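Q: Input file: final.tsv. Contents: TSV, C-alpha atoms.
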```tsv
chain	number	residue	atom	x	y	z
D	812	MET	CA	-14.17	-1.09	-43.67
D	813	PRO	CA	-11.22	-0.01	-41.46
D	814	GLU	CA	-11.17	-1.53	-37.98
D	815	GLN	CA	-12.41	0.78	-35.26
D	816	PRO	CA	-9.80	1.94	-32.73
D	817	TYR	CA	-9.66	0.17	-29.41
D	818	ASP	CA	-11.08	1.94	-26.40
D	819	VAL	CA	-8.16	0.75	-24.27
D	820	ILE	CA	-4.81	-0.86	-25.08
D	821	THR	CA	-2.64	-1.79	-22.13
D	822	MET	CA	1.00	-2.85	-22.26
D	823	GLY	CA	3.12	-4.75	-19.75
D	824	ARG	CA	2.95	-7.58	-17.23
D	825	ILE	CA	1.02	-10.81	-17.44
D	826	GLY	CA	1.29	-13.98	-15.40
D	827	VAL	CA	-0.51	-16.66	-13.46
D	828	ASP	CA	-1.73	-15.78	-9.96
D	829	LEU	CA	-1.95	-18.68	-7.51
D	830	TYR	CA	-4.05	-17.61	-4.54
D	831	PRO	CA	-4.76	-19.63	-1.38
D	832	LEU	CA	-8.40	-20.63	-1.19
D	833	ARG	CA	-8.34	-19.90	2.55
D	834	THR	CA	-7.40	-16.63	4.20
D	835	GLY	CA	-5.21	-16.25	7.25
D	836	VAL	CA	-3.05	-19.29	6.47
D	837	PRO	CA	0.73	-18.98	5.94
D	838	LEU	CA	1.87	-20.05	2.49
D	839	ALA	CA	3.90	-22.92	3.97
D	840	ARG	CA	0.66	-24.50	5.23
D	841	VAL	CA	-1.57	-23.80	2.23
D	842	ASP	CA	-2.56	-26.93	0.31
D	843	THR	CA	-5.20	-25.63	-2.12
D	844	PHE	CA	-4.83	-22.76	-4.56
D	845	GLY	CA	-6.97	-21.06	-7.16
D	846	LYS	CA	-5.39	-20.25	-10.54
D	847	PHE	CA	-6.16	-16.87	-12.13
D	848	LEU	CA	-4.93	-14.55	-14.86
D	849	GLY	CA	-2.75	-11.86	-13.32
D	850	GLY	CA	-0.46	-8.95	-14.11
D	851	SER	CA	-1.62	-5.40	-13.51
D	852	PRO	CA	-1.94	-4.14	-17.13
D	853	SER	CA	-3.70	-7.34	-18.14
D	854	ASN	CA	-6.11	-7.01	-15.22
D	855	VAL	CA	-6.80	-3.38	-16.16
D	856	ALA	CA	-7.74	-4.53	-19.67
D	857	VAL	CA	-10.09	-7.13	-18.15
D	858	ALA	CA	-11.62	-4.54	-15.82
D	859	ALA	CA	-12.30	-2.12	-18.69
D	860	ALA	CA	-13.75	-4.94	-20.81
D	861	ARG	CA	-16.14	-5.85	-17.98
D	862	LEU	CA	-17.37	-2.25	-18.12
D	863	GLY	CA	-18.16	-2.58	-21.82
D	864	ARG	CA	-14.97	-1.24	-23.38
D	865	ARG	CA	-13.15	-2.77	-26.36
D	866	THR	CA	-9.73	-3.67	-25.02
D	867	ALA	CA	-6.47	-5.35	-25.96
D	868	VAL	CA	-3.17	-6.01	-24.20
D	869	VAL	CA	0.39	-5.95	-25.54
D	870	THR	CA	2.46	-8.49	-23.64
D	871	ARG	CA	4.34	-11.80	-23.91
D	872	THR	CA	4.09	-15.16	-22.18
D	873	GLY	CA	6.24	-18.25	-22.10
D	874	ALA	CA	5.75	-20.86	-24.81
D	875	ASP	CA	4.22	-23.23	-22.27
D	876	PRO	CA	0.83	-24.40	-20.95
D	877	PHE	CA	0.56	-21.45	-18.57
D	878	GLY	CA	0.97	-19.12	-21.56
D	879	ASP	CA	-1.82	-20.99	-23.36
D	880	TYR	CA	-3.99	-20.62	-20.26
D	881	LEU	CA	-3.44	-16.84	-20.11
D	882	ARG	CA	-4.36	-16.30	-23.75
D	883	GLU	CA	-7.49	-18.40	-23.28
D	884	GLN	CA	-8.43	-16.38	-20.21
D	885	LEU	CA	-7.98	-13.07	-22.01
D	886	ARG	CA	-10.30	-14.21	-24.79
D	887	GLU	CA	-12.88	-15.44	-22.27
D	888	PHE	CA	-12.81	-12.04	-20.58
D	889	GLY	CA	-13.32	-10.30	-23.92
D	890	VAL	CA	-9.78	-8.91	-24.21
D	891	ASP	CA	-8.12	-9.12	-27.63
D	892	ASP	CA	-4.97	-11.26	-27.38
D	893	ARG	CA	-3.59	-10.63	-30.89
D	894	TRP	CA	-0.50	-8.93	-29.43
D	895	VAL	CA	0.16	-11.59	-26.79
D	896	THR	CA	3.02	-13.64	-28.20
D	897	PRO	CA	5.13	-16.49	-26.79
D	898	VAL	CA	8.82	-16.38	-25.86
D	899	ALA	CA	10.53	-19.74	-26.03
D	900	ALA	CA	13.46	-18.78	-23.81
D	901	TYR	CA	11.57	-17.90	-20.62
D	902	PRO	CA	8.74	-19.48	-18.60
D	903	THR	CA	5.43	-17.76	-17.97
D	904	PRO	CA	5.68	-15.94	-14.61
D	905	VAL	CA	3.84	-17.27	-11.57
D	906	THR	CA	2.92	-15.22	-8.51
D	907	PHE	CA	1.92	-16.60	-5.12
D	908	CYS	CA	0.39	-14.56	-2.34
D	909	GLU	CA	-0.62	-14.89	1.29
D	910	LEU	CA	-3.95	-13.52	2.46
D	911	PHE	CA	-4.07	-11.86	5.85
D	912	PRO	CA	-6.99	-9.41	5.67
D	913	PRO	CA	-7.57	-6.58	5.94
D	914	ASP	CA	-4.18	-5.15	4.94
D	915	ASP	CA	-1.42	-7.76	4.69
D	916	PHE	CA	-1.03	-9.55	1.35
D	917	PRO	CA	2.61	-10.60	0.80
D	918	LEU	CA	3.52	-11.41	-2.79
D	919	TYR	CA	6.09	-13.87	-4.09
D	920	PHE	CA	7.05	-13.28	-7.73
D	921	TYR	CA	8.64	-16.01	-9.82
D	922	ARG	CA	9.96	-14.08	-12.84
D	923	GLN	CA	13.43	-15.57	-13.24
D	924	PRO	CA	15.68	-15.67	-15.14
D	925	LYS	CA	13.58	-13.05	-16.93
D	926	ALA	CA	9.88	-12.48	-17.47
D	927	PRO	CA	8.67	-12.85	-21.08
D	928	ASP	CA	6.69	-9.60	-20.72
D	929	LEU	CA	10.03	-7.77	-20.56
D	930	GLU	CA	10.88	-9.17	-24.00
D	931	ILE	CA	8.52	-6.83	-25.87
D	932	HIS	CA	10.45	-5.37	-28.83
D	933	ALA	CA	9.75	-1.99	-30.41
D	934	ARG	CA	9.96	-3.44	-33.91
D	935	GLU	CA	7.07	-5.79	-33.14
D	936	LEU	CA	4.63	-3.11	-31.96
D	937	ASP	CA	1.55	-2.17	-33.98
D	938	LEU	CA	2.20	1.53	-33.55
D	939	ASP	CA	-0.77	2.50	-35.72
D	940	ALA	CA	-3.15	0.69	-33.38
D	941	ILE	CA	-1.43	2.08	-30.30
D	942	ARG	CA	-1.57	5.58	-31.72
D	943	ALA	CA	-5.26	5.24	-32.58
D	944	ALA	CA	-6.40	3.78	-29.23
D	945	ARG	CA	-8.60	6.11	-27.22
D	946	VAL	CA	-6.65	5.13	-24.08
D	947	PHE	CA	-3.13	3.72	-23.94
D	948	TRP	CA	-2.07	2.37	-20.53
D	949	MET	CA	1.57	1.62	-19.65
D	950	THR	CA	3.40	0.96	-16.40
D	951	GLY	CA	6.58	1.74	-14.54
D	952	THR	CA	7.58	-1.92	-14.59
D	953	GLY	CA	7.77	-1.74	-18.37
D	954	LEU	CA	10.67	0.67	-17.95
D	955	CYS	CA	12.77	-1.58	-15.70
D	956	ALA	CA	14.60	-3.61	-18.38
D	957	GLU	CA	15.35	-3.86	-22.07
D	958	PRO	CA	13.92	-4.38	-24.63
D	959	SER	CA	10.67	-3.52	-22.83
D	960	ARG	CA	11.93	-0.06	-21.88
D	961	THR	CA	12.71	0.96	-25.46
D	962	ALA	CA	9.42	-0.53	-26.68
D	963	THR	CA	7.41	1.31	-24.04
D	964	LEU	CA	9.05	4.62	-24.89
D	965	ALA	CA	8.52	3.95	-28.61
D	966	ALA	CA	4.82	3.46	-27.97
D	967	LEU	CA	4.66	6.68	-25.96
D	968	ARG	CA	6.46	8.64	-28.66
D	969	ALA	CA	4.16	7.21	-31.33
D	970	ARG	CA	1.16	8.51	-29.44
D	971	ASP	CA	2.80	11.89	-28.91
D	972	ARG	CA	0.22	12.76	-26.23
D	973	THR	CA	-2.77	12.05	-28.49
D	974	GLY	CA	-5.90	10.78	-26.79
D	975	ILE	CA	-5.53	9.62	-23.20
D	976	THR	CA	-2.13	8.17	-22.28
D	977	VAL	CA	-2.02	6.76	-18.74
D	978	PHE	CA	1.20	6.11	-16.86
D	979	ASP	CA	0.54	3.68	-14.01
D	980	LEU	CA	3.56	4.43	-11.83
D	981	ASP	CA	3.55	0.81	-10.61
D	982	TRP	CA	6.79	0.85	-8.59
D	983	ARG	CA	8.18	-2.67	-8.06
D	984	PRO	CA	11.73	-2.26	-6.72
D	985	MET	CA	12.46	-6.02	-6.92
D	986	PHE	CA	12.14	-5.86	-10.72
D	987	TRP	CA	14.78	-3.16	-11.20
D	988	PRO	CA	18.41	-4.27	-11.76
D	989	ALA	CA	21.32	-2.61	-10.03
D	990	ASP	CA	22.67	-1.48	-13.41
D	991	ASP	CA	21.23	-0.50	-16.76
D	992	GLY	CA	21.15	-4.05	-18.12
D	993	ASN	CA	24.28	-3.47	-20.20
D	994	GLY	CA	26.84	-3.99	-17.49
D	995	GLY	CA	27.15	-0.35	-16.49
D	996	SER	CA	25.48	2.21	-14.32
D	997	GLY	CA	22.39	3.64	-16.03
D	998	PRO	CA	19.84	6.35	-15.24
D	999	SER	CA	17.97	5.97	-11.97
D	1000	PRO	CA	14.36	4.71	-11.90
D	1001	SER	CA	13.28	8.27	-11.13
D	1002	ALA	CA	14.97	9.48	-14.31
D	1003	ARG	CA	13.25	6.73	-16.31
D	1004	TYR	CA	9.93	7.77	-14.82
D	1005	ARG	CA	10.48	11.43	-15.68
D	1006	GLU	CA	11.27	10.50	-19.28
D	1007	ALA	CA	7.98	8.64	-19.62
D	1008	LEU	CA	5.94	11.29	-17.79
D	1009	ALA	CA	6.76	13.76	-20.55
D	1010	TYR	CA	4.59	11.68	-22.90
D	1011	ALA	CA	1.72	10.85	-20.53
D	1012	THR	CA	-1.51	12.79	-20.05
D	1013	VAL	CA	-2.58	10.95	-16.86
D	1014	ALA	CA	-0.45	9.59	-14.01
D	1015	VAL	CA	-1.78	7.19	-11.37
D	1016	GLY	CA	0.08	6.04	-8.28
D	1017	ASN	CA	0.08	5.58	-4.54
D	1018	LEU	CA	2.24	7.68	-2.23
D	1019	ASP	CA	5.30	5.42	-2.50
D	1020	GLU	CA	5.08	5.43	-6.29
D	1021	CYS	CA	4.61	9.19	-6.45
D	1022	GLU	CA	7.68	9.66	-4.30
D	1023	VAL	CA	9.79	7.56	-6.69
D	1024	ALA	CA	8.46	9.52	-9.68
D	1025	THR	CA	8.64	13.02	-8.23
D	1026	GLY	CA	10.47	13.01	-4.90
D	1027	GLU	CA	7.26	14.25	-3.27
D	1028	ARG	CA	5.15	12.29	-0.81
D	1029	GLU	CA	2.62	14.85	0.43
D	1030	PRO	CA	-0.45	14.22	-1.81
D	1031	TYR	CA	-1.01	17.73	-3.16
D	1032	ALA	CA	2.71	18.33	-3.65
D	1033	ALA	CA	3.01	15.02	-5.48
D	1034	ALA	CA	0.06	15.85	-7.72
D	1035	ARG	CA	1.54	19.25	-8.56
D	1036	ALA	CA	4.91	17.67	-9.32
D	1037	LEU	CA	3.31	15.14	-11.68
D	1038	ILE	CA	1.55	17.95	-13.51
D	1039	GLU	CA	4.80	19.90	-13.73
D	1040	ALA	CA	6.37	16.77	-15.24
D	1041	GLY	CA	3.88	16.94	-18.09
D	1042	VAL	CA	0.59	15.21	-17.28
D	1043	GLU	CA	-2.85	16.81	-17.44
D	1044	LEU	CA	-4.39	14.74	-14.62
D	1045	ALA	CA	-2.63	13.40	-11.52
D	1046	VAL	CA	-4.33	10.68	-9.47
D	1047	VAL	CA	-2.77	10.09	-6.06
D	1048	LYS	CA	-4.04	7.10	-4.08
D	1049	GLN	CA	-3.82	7.64	-0.32
D	1050	GLY	CA	-4.95	4.36	1.20
D	1051	PRO	CA	-7.46	4.89	4.04
D	1052	ALA	CA	-7.50	8.63	3.25
D	1053	GLY	CA	-9.04	7.97	-0.18
D	1054	VAL	CA	-7.90	9.27	-3.54
D	1055	LEU	CA	-6.87	12.74	-4.70
D	1056	ALA	CA	-7.21	13.81	-8.34
D	1057	VAL	CA	-5.86	17.15	-9.56
D	1058	HIS	CA	-6.21	18.47	-13.13
D	1059	ARG	CA	-3.93	20.97	-14.79
D	1060	ASP	CA	-6.91	23.33	-15.20
D	1061	GLY	CA	-7.18	23.67	-11.41
D	1062	THR	CA	-10.12	21.36	-10.78
D	1063	SER	CA	-9.62	18.66	-8.18
D	1064	ALA	CA	-11.43	16.03	-6.15
D	1065	ASP	CA	-10.48	14.47	-2.83
D	1066	VAL	CA	-12.74	11.43	-2.54
D	1067	PRO	CA	-13.02	9.18	0.53
D	1068	PRO	CA	-12.91	5.39	0.19
D	1069	LEU	CA	-15.82	3.02	0.35
D	1070	PRO	CA	-15.71	0.90	3.51
D	1071	VAL	CA	-15.61	-2.80	2.72
D	1072	GLU	CA	-14.80	-6.07	4.45
D	1073	VAL	CA	-11.53	-6.91	2.75
D	1074	VAL	CA	-10.85	-10.44	1.51
D	1075	ASN	CA	-7.95	-9.74	-0.88
D	1076	GLY	CA	-6.74	-6.22	-1.61
D	1077	LEU	CA	-4.44	-7.23	-4.46
D	1078	GLY	CA	-6.79	-6.51	-7.37
D	1079	ALA	CA	-8.30	-3.28	-6.11
D	1080	GLY	CA	-5.85	-1.06	-7.98
D	1081	ASP	CA	-6.49	-2.82	-11.29
D	1082	ALA	CA	-10.26	-2.51	-10.90
D	1083	PHE	CA	-9.70	1.16	-10.12
D	1084	GLY	CA	-7.62	1.49	-13.28
D	1085	GLY	CA	-10.20	-0.09	-15.57
D	1086	ALA	CA	-12.92	2.08	-14.06
D	1087	LEU	CA	-10.72	5.17	-14.41
D	1088	CYS	CA	-10.35	4.44	-18.14
D	1089	HIS	CA	-14.11	3.91	-18.42
D	1090	GLY	CA	-14.91	7.21	-16.70
D	1091	LEU	CA	-12.37	9.19	-18.72
D	1092	LEU	CA	-13.80	7.78	-21.95
D	1093	ALA	CA	-17.32	8.65	-20.79
D	1094	GLY	CA	-16.27	12.27	-20.21
D	1095	TRP	CA	-17.38	12.33	-16.57
D	1096	ASP	CA	-16.18	14.98	-14.15
D	1097	ILE	CA	-13.23	14.11	-11.93
D	1098	ALA	CA	-15.21	13.56	-8.73
D	1099	ARG	CA	-17.61	11.14	-10.42
D	1100	ILE	CA	-14.74	9.19	-11.97
D	1101	MET	CA	-12.97	8.85	-8.62
D	1102	ARG	CA	-16.13	7.72	-6.81
D	1103	TYR	CA	-16.83	5.14	-9.52
D	1104	ALA	CA	-13.25	3.88	-9.54
D	1105	ASN	CA	-13.19	3.66	-5.75
D	1106	ALA	CA	-16.36	1.56	-5.84
D	1107	ALA	CA	-14.91	-0.79	-8.45
D	1108	GLY	CA	-11.77	-1.24	-6.35
D	1109	ALA	CA	-13.76	-1.88	-3.18
D	1110	ILE	CA	-15.83	-4.57	-4.89
D	1111	VAL	CA	-12.72	-6.49	-5.93
D	1112	ALA	CA	-11.10	-6.07	-2.51
D	1113	ALA	CA	-14.10	-7.91	-1.05
D	1114	ARG	CA	-13.52	-10.89	-3.37
D	1115	LEU	CA	-10.81	-13.55	-3.50
D	1116	ALA	CA	-9.63	-13.24	-7.10
D	1117	CYS	CA	-8.44	-10.32	-9.21
D	1118	SER	CA	-9.19	-10.77	-12.92
D	1119	SER	CA	-12.33	-12.87	-12.53
D	1120	ALA	CA	-13.53	-10.58	-9.73
D	1121	MET	CA	-13.67	-7.43	-11.89
D	1122	PRO	CA	-17.14	-5.90	-11.58
D	1123	PHE	CA	-19.80	-5.27	-14.19
D	1124	PRO	CA	-21.45	-1.82	-14.45
D	1125	HIS	CA	-24.57	-2.80	-12.50
D	1126	GLU	CA	-22.39	-4.01	-9.62
D	1127	VAL	CA	-20.51	-0.73	-9.43
D	1128	GLU	CA	-23.73	1.28	-9.51
D	1129	ALA	CA	-25.20	-0.92	-6.78
D	1130	ALA	CA	-22.11	-0.41	-4.61
D	1131	LEU	CA	-22.32	3.35	-5.05
D	1132	THR	CA	-25.99	3.32	-4.11
D	1133	ALA	CA	-25.42	1.13	-1.06
D	1134	SER	CA	-22.16	2.68	0.10
D	1135	PRO	CA	-23.58	4.81	2.96
D	1136	ALA	CA	-24.93	1.62	4.54
D	1137	ILE	CA	-21.82	-0.54	4.06
D	1138	VAL	CA	-20.15	-1.54	7.29
D	1139	GLY	CA	-16.83	-3.36	7.07
D	1140	LYS	CA	-13.51	-4.05	8.70
D	1141	GLY	CA	-11.32	-1.93	6.46
D	1142	ALA	CA	-11.59	1.03	4.13
D	1143	VAL	CA	-10.16	0.26	0.73
D	1144	THR	CA	-9.74	2.32	-2.39
D	1145	ALA	CA	-7.31	1.22	-5.05
D	1146	THR	CA	-4.15	1.24	-3.00
D	1147	GLY	CA	-3.94	-2.51	-2.56
D	1148	GLU	CA	-0.91	-4.19	-4.07
D	1149	ARG	CA	-1.24	-5.18	-7.72
D	1150	THR	CA	0.03	-8.37	-9.26
```
Could you write out this structure as structure tokens?
A:
Amino acid sequence: MPEQPYDVITMGRIGVDLYPLRTGVPLARVDTFGKFLGGSPSNVAVAAARLGRRTAVVTRTGADPFGDYLREQLREFGVDDRWVTPVAAYPTPVTFCELFPPDDFPLYFYRQPKAPDLEIHARELDLDAIRAARVFWMTGTGLCAEPSRTATLAALRARDRTGITVFDLDWRPMFWPADDGNGGSGPSPSARYREALAYATVAVGNLDECEVATGEREPYAAARALIEAGVELAVVKQGPAGVLAVHRDGTSADVPPLPVEVVNGLGAGDAFGGALCHGLLAGWDIARIMRYANAAGAIVAARLACSSAMPFPHEVEAALTASPAIVGKGAVTATGERT
């Protein structure tokens, strides 16, 4: 019997997150860390798996113990790791953060000389599986360097706008080289984003990311620009103002955040992403999807970790039921930084 298509395949970053086990302490004085699976697309796959979806991730690690750890973690979370392969030349990335709730979470990326997840080659992709997936999720970081850029675009072209193709705008300026990687001046990040948007059906990003992709920062203008670039659904995360979703058919939802006492806002966006995939697959209306995704993000923002903090369905439903009574120090949707 042929294998059933995946509900969600994500593609892009993976790494080890090392988080202080105490908040409010500068990194120079931290002496105890927790070790977690990280990387936004990998976390999105975990989040969708927690909600009952069959998921896989396309990425690469170093050929080292940290790479072994990440593959073990993916399997424990129920994410298929068949397309997670080692790269001998580069170490598995490590990311440190500082935790100063409710809204300051500096990140320190160790991805030099190059991250293995940027060594994804088009020739190695299972394009049949990517084409068949009900949701394919890719990120802006995947466009920042070769061969990942060509592989990401190959995956998008193979899908040819079938099913749900999500472009997580995921703007990380520190990952983008000053040139095109071949010693000369190449297209700008905005041009790379526009190329990918032509193949996406959903775009998700905060105001900074939308501005890079479209030149627009006002939420409704940014949503309209994303739709003009080719997507069917534009999701604009507005921090304390909540989240705006606009569909090409004219329907929209402007949903406020759930108040929550923030512990670590870094995984909120990934929880939002997994819940967004879940709601789209369930065929819910836009407002319901945004409320559900907001709740998932708020739950993770109130916890220390990212991947292991992703909520189960009963937790999201409980948060939605209790939300009018929640009193906290900060209002969080999914606009927290993502590792």
Q: Could you check the closest approach to Pro1067 in chain D for each of D:Gly1053, D:Pro1000, D:Gly850, D:Pro897 and tell me which residue wins, using all atoms listed in the file?
A: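 Smallest distance to Pro1067 in chain D is found for D:Gly1053.
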Q: Please, which residues are within 6 Å of (-10.9, -2.4, -25.1) by the file's coordinates, counting all atoms listed in the file, and could they come as a list in words?
A: Tyr817, Asp818, Val819, Ala860, Arg864, Arg865, Thr866 and Ala867 of chain D
Q: Range 950-988 of chain D near range 1034-1044 of chain D within 10 Å: what's each residue's closest atom pair and its distance in Å to one decimal, counting only C-alpha atoms, ordered by chain then ascending residue number, as a tab-separated table?
A:
```
residue	atom	partner	partner_atom	distance
D:Arg972	CA	D:Val1042	CA	9.3
D:Ile975	CA	D:Glu1043	CA	9.6
D:Thr976	CA	D:Val1042	CA	9.1
D:Val977	CA	D:Val1042	CA	9.0
D:Phe978	CA	D:Val1042	CA	9.1
```
Q: Out of D:Pro852, D:Gly878, D:Gly1084, D:Pro1070, which residue has the shortest atom-to-atom distance to Val1046 in chain D when counting all atoms listed in the file?
A: D:Gly1084
Q: Compile the contact shell of range 1055-1062 of chain D as a PyMOL selection string: residues with an atom at most 12 Å away, counting only C-alpha atoms, same-chain residues fewer than 2 positions apart removed.
A: chain D and resi 1012-1018+1029-1053+1064-1068+1087+1096-1102+1104-1105+1144-1146
Q: With 3 Å added on each side, what axis-aligned box encloses every listed atom of range 1030-1049 of chain D? Give the centre and edge lengths in Å to one decimal, as AutoDock Vina command-line options.
A:
```
--center_x 1.0 --center_y 13.5 --center_z -9.2 --size_x 16.8 --size_y 18.8 --size_z 23.8
```
Q: I want to know what sits within 10 Å of range 827-829 of chain D, based on all atoms listed in the file, with residues of the same chain fewer than 2 positions away left out; could you give that as number ranges by chain?
A: D: 825, 831-832, 843-850, 872, 877-878, 880-881, 903-909, 918-921, 1116-1118, 1150
Q: Just how far from CA of Thr821 in chain D is CA of Val868 in chain D, in Å to one decimal?
A: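 Rounded to one decimal, the two atoms are 4.7 Å apart.
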Q: In Å, with one decimal, what is the gap from CA of Ala859 in chain D to CA of Tyr901 in chain D?
A: 28.7 Å
